[in-house]
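Trainee: Here it is, the structure in full.
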Amino acid sequence: MFPTRQLVPRLAAAASRSATRAASRAAPRTLAAASIPRVAGLHSSTTQNAVEAPAATTATTASVPPPAPVDRRQDGRAQSGAAFHALNHTGLRYNWTREEIAAIYNSPIMDLLFYGSYVHRHHHDPLAVQQCTLLSIKTGGCSEDCSYCPQSSKHSTSVKASKMLGEDEVLSAARRAKEAGSTRFCMGAAWRSAQGRKTNFKQVLNYVTEIRGMGMEVCCTLGMLDAEQAKQLKDAGLSAYNHNLDTSREFYPKIITTRSYDDRLDTLANVRDAGIHVCSGGIIGLGESADDRVGMLHTLSTLPKHPESVPVNALVAVQGTPLEKQDPVPVWDLVRMIATARIVMPGSMVRLSAGRVRLSMTEQTLCFMAGANSIFTGEKLLTTDNNDWDTDKAMFDTLGLIGLKPDLVKN
C-alpha cells in the first residue's frame, strides 16, 4: 500500500492528466461542429458544378461529412473515376457528361463498392432501407410491345388479361404490406396510358387517398400521363409516380416500338411539374452495352431534378417474351449500376428491384454496400416472383438493417 501522502499527489496528477486529455478530445469536436458547414450547405456557392443540397427526405441528421479517405497506391496509376468524383462532388450535379459517368462505371469493383458506400453514408442513414410493396391492380392485355414484359398482348405468355382489382382487395393488400413493414405501397396497371379510362382512373384516385390515410407513401405506375391526370393524382395524395426509361435512347427502339423515348420523358415532366416525386430507372440484361447503361444514367442524372427513386432492375426472362433466352446478369453488373447511380445521384433512393429474388443474401449485401437503400418486398413483383417478407426480415436481422420511415410531410 502507498502511504497517504504519496497516494494523494499521484491521484491528483492522474486526474489532471485525464482532464487534459478529455479537454483535448472535446475541443476538436466543438471546433469541427462550429467551422464545418452542415451537409445541406456544402458547396452551395459552387455554381460551376450546378450543386444543390441533398434532398431533405433522404439526408441523414449528421452535420459533418465523413473524412476523405486517402488511397495508398503502390504505383503511379491515376485515381479511379469513382474515387475522383465521390471525393470532389459532394452535392448534387445536373451537368454530368457521359464520359464522367463512364469513368465511374468502369472503375474497379473494389472502388465502386467503397466510394459508393462513402457517398451513401454522406447523404443517407447507411442502415436504413426503404421497404416497398408493388401490387398489380390491372394485369395483362397491354397494347405495348415491350420485349421484356409478359403482360404485353403481343406476346404469348402465361399471363392473361384480367379486370381491375376491387377496393377491398387493394386496401387489404396495402394493410398487409404495412403490417409486414412496408412504408410505400405501389400500384401498377398494365395500361399504355390512362387516357379513356375515366372510371378506372377515378378508382385509382380513391385507392391513393385511402392508402395515404393508412400512413403510407403511395406510388403508381399507370403508363403515360398528361398534365391534368398528374395534377389529379397529386391532389389525391400520390407520393411518387414510376415511369422507367428502361435503357438508353440509342438502344430503346430495339426493345419498344409502340412508345417513344420522348413520350417517357414527357410523362416524367408532367409528373415533376405536378409536384409528385419521380421514380425512374431502367433494366439491365436486355442485350444492351455498357455504354447504353451509362447513357441511361446520363439521361436520369441530367434531368431538371434527379428522380427521387432510381430502380435498378435485372431482367427476369419470361417464357414467351422476345427476351426469354437472355442470360441473367452477374451481380457485379448490378453493383456497377448501383454504385454509379449512387455517386452521380447521391440524394436519390437507389432501389434494388426486379431480379433480386435470384441473389443470395451475400450478393444483396454487396448491392447495399454499393449504395442501394430501397427494395420491393412481398411474394410478387407485378407478375414475377419476388423475395417474401419473412426472407427479407431474416436478412434485415442478419445485416442489422432498419426500415426507412415514411415521409408523409414532404410528399
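Naming scheme: A, B, ... for chains in displayed order of the C-alpha cells; residues 1 onward per chain; ligands 1 onward as shown.
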From a backbone DSSP assignment, name each residue in stretch 165-360 of chain A labelled helix (DSSP H, G or I), as a PyMOL selection string.
Mentor: chain A and resi 167-179+198-212+227-236+252-254+261-273+290-301+331-344+356-358
Trainee: From stretch 158-398 of chain A, collect each residue whose DSSP state is strand (DSSP E or B) and return the set as a PyMOL selection string.
Mentor: chain A and resi 184-189+193+217-221+224+240-242+246+277-279+282-284+309-314+349-352+374-376+380-381+384-385
Trainee: Could you take the residues named above and write them with C-alpha atoms, as an mmCIF file, in the first residue's frame?
Mentor:
```cif
data_model
loop_
_atom_site.group_PDB
_atom_site.id
_atom_site.type_symbol
_atom_site.label_atom_id
_atom_site.label_comp_id
_atom_site.auth_asym_id
_atom_site.auth_seq_id
_atom_site.Cartn_x
_atom_site.Cartn_y
_atom_site.Cartn_z
ATOM 1 C CA ARG A 184 -44.561 2.652 -49.581
ATOM 2 C CA PHE A 185 -47.367 0.887 -51.441
ATOM 3 C CA CYS A 186 -47.127 0.871 -55.219
ATOM 4 C CA MET A 187 -49.953 0.059 -57.648
ATOM 5 C CA GLY A 188 -49.314 -0.968 -61.238
ATOM 6 C CA ALA A 189 -51.782 -1.196 -64.124
ATOM 7 C CA SER A 193 -51.792 5.304 -70.763
ATOM 8 C CA GLU A 217 -46.474 6.614 -49.058
ATOM 9 C CA VAL A 218 -48.251 5.751 -52.315
ATOM 10 C CA CYS A 219 -46.764 5.212 -55.773
ATOM 11 C CA CYS A 220 -48.452 4.363 -59.069
ATOM 12 C CA THR A 221 -47.304 3.173 -62.480
ATOM 13 C CA MET A 224 -48.278 7.659 -69.853
ATOM 14 C CA ALA A 240 -44.432 9.169 -56.350
ATOM 15 C CA TYR A 241 -45.021 8.043 -59.923
ATOM 16 C CA ASN A 242 -42.951 5.329 -61.576
ATOM 17 C CA ASP A 246 -35.735 1.242 -69.400
ATOM 18 C CA HIS A 277 -41.825 12.617 -56.832
ATOM 19 C CA VAL A 278 -40.404 10.996 -59.965
ATOM 20 C CA CYS A 279 -39.448 7.328 -59.760
ATOM 21 C CA GLY A 282 -34.211 1.002 -66.005
ATOM 22 C CA ILE A 283 -33.456 -2.629 -66.718
ATOM 23 C CA ILE A 284 -30.117 -4.281 -67.353
ATOM 24 C CA SER A 309 -36.152 6.994 -56.663
ATOM 25 C CA VAL A 310 -33.970 5.172 -59.206
ATOM 26 C CA PRO A 311 -34.975 1.499 -59.605
ATOM 27 C CA VAL A 312 -32.205 -0.749 -60.900
ATOM 28 C CA ASN A 313 -33.834 -3.859 -62.371
ATOM 29 C CA ALA A 314 -32.159 -7.027 -63.612
ATOM 30 C CA MET A 349 -33.161 6.426 -53.323
ATOM 31 C CA VAL A 350 -31.481 3.660 -55.336
ATOM 32 C CA ARG A 351 -33.831 0.689 -55.433
ATOM 33 C CA LEU A 352 -32.640 -2.890 -55.864
ATOM 34 C CA SER A 374 -34.628 0.583 -51.187
ATOM 35 C CA ILE A 375 -36.210 -2.765 -52.099
ATOM 36 C CA PHE A 376 -39.515 -4.258 -53.153
ATOM 37 C CA LYS A 380 -44.826 -10.914 -56.267
ATOM 38 C CA LEU A 381 -43.383 -8.056 -58.282
ATOM 39 C CA THR A 384 -42.833 -12.244 -61.440
ATOM 40 C CA ASP A 385 -41.577 -13.875 -58.253
#
```
Trainee: With only C-alpha atoms counted and 8 Å as the cut-off, give the residues of stretch 58-133 of chain A in contact with stretch 396-401 of chain A, each with its shortest interatomic distance in Å and the pair that gives it, as a Markdown table.
Mentor:
```
| residue | atom | partner | partner_atom | distance |
| --- | --- | --- | --- | --- |
| A:Leu127 | CA | A:Leu401 | CA | 4.8 |
| A:Ala128 | CA | A:Leu401 | CA | 6.0 |
| A:Val129 | CA | A:Leu401 | CA | 6.8 |
```
Trainee: Can you tell me which residues surround A:Gly213 at a distance of at most 10 Å, considering only C-alpha atoms, apart from same-chain residues fewer than 5 positions away, and format the answer as a VMD selection string?
Mentor: chain A and resid 207 to 208 237
Trainee: If you count only C-alpha atoms, which residues fall within 12 Å of A:Val318, apart from same-chain ones fewer than 5 positions away, as a list in words?
Mentor: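 The residues that qualify are Ser147, Tyr148, Cys149, Pro150, Gln151, Ser152, His155, Ser156, Thr157, Ser158, Val159, Leu323, Glu324, Lys325, Gln326, Asp327, Pro328, Gly355, Thr383, Thr384 and Asp385 of chain A.
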Trainee: For stretch 194-203 of chain A, find every residue with an atom within 12 Å (counting only C-alpha atoms), except residues of its own chain fewer than 4 positions away, and show them as an MDAnalysis selection string.
Mentor: chainID A and resid 137:138 142 163:168 170:171 187:190 207:210 220:230 232:233 236 267
Trainee: Provide the atom CA of A:His124 to atom CA of A:Thr365 distance in Å, to one decimal place.
Mentor: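 Taking atom CA of A:His124 as the start and atom CA of A:Thr365 as the end point, the length is 16.5 Å.
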Trainee: Enter the distance from atom CA of A:Asp390 to atom CA of A:Thr133, in Å, rounded to one decimal.
Mentor: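 Between atom CA of A:Asp390 and atom CA of A:Thr133 the gap works out to 13.7 Å.
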Trainee: For A:Leu303, please output as a ChimeraX atom specification all residues within 10 Å (counting only C-alpha atoms; exclusion window: fewer than 4 positions along the same chain).
Mentor: /A:94-95,265,268-269,298-299,307
Trainee: Just want the 9 Å neighbourhood of A:Val344, counted on only C-alpha atoms, with same-chain residues fewer than 2 positions away dropped. Output as JSON, numbers by chain.
Mentor: {"A": [85, 86, 89, 92, 93, 94, 96, 101, 104, 297, 298, 301, 339, 340, 341, 342, 346]}
Trainee: Kindly give the distance, in Å, that separates atom CA of A:Arg77 and atom CA of A:Val331, rounded to a single decimal.
Mentor: 26.7 Å
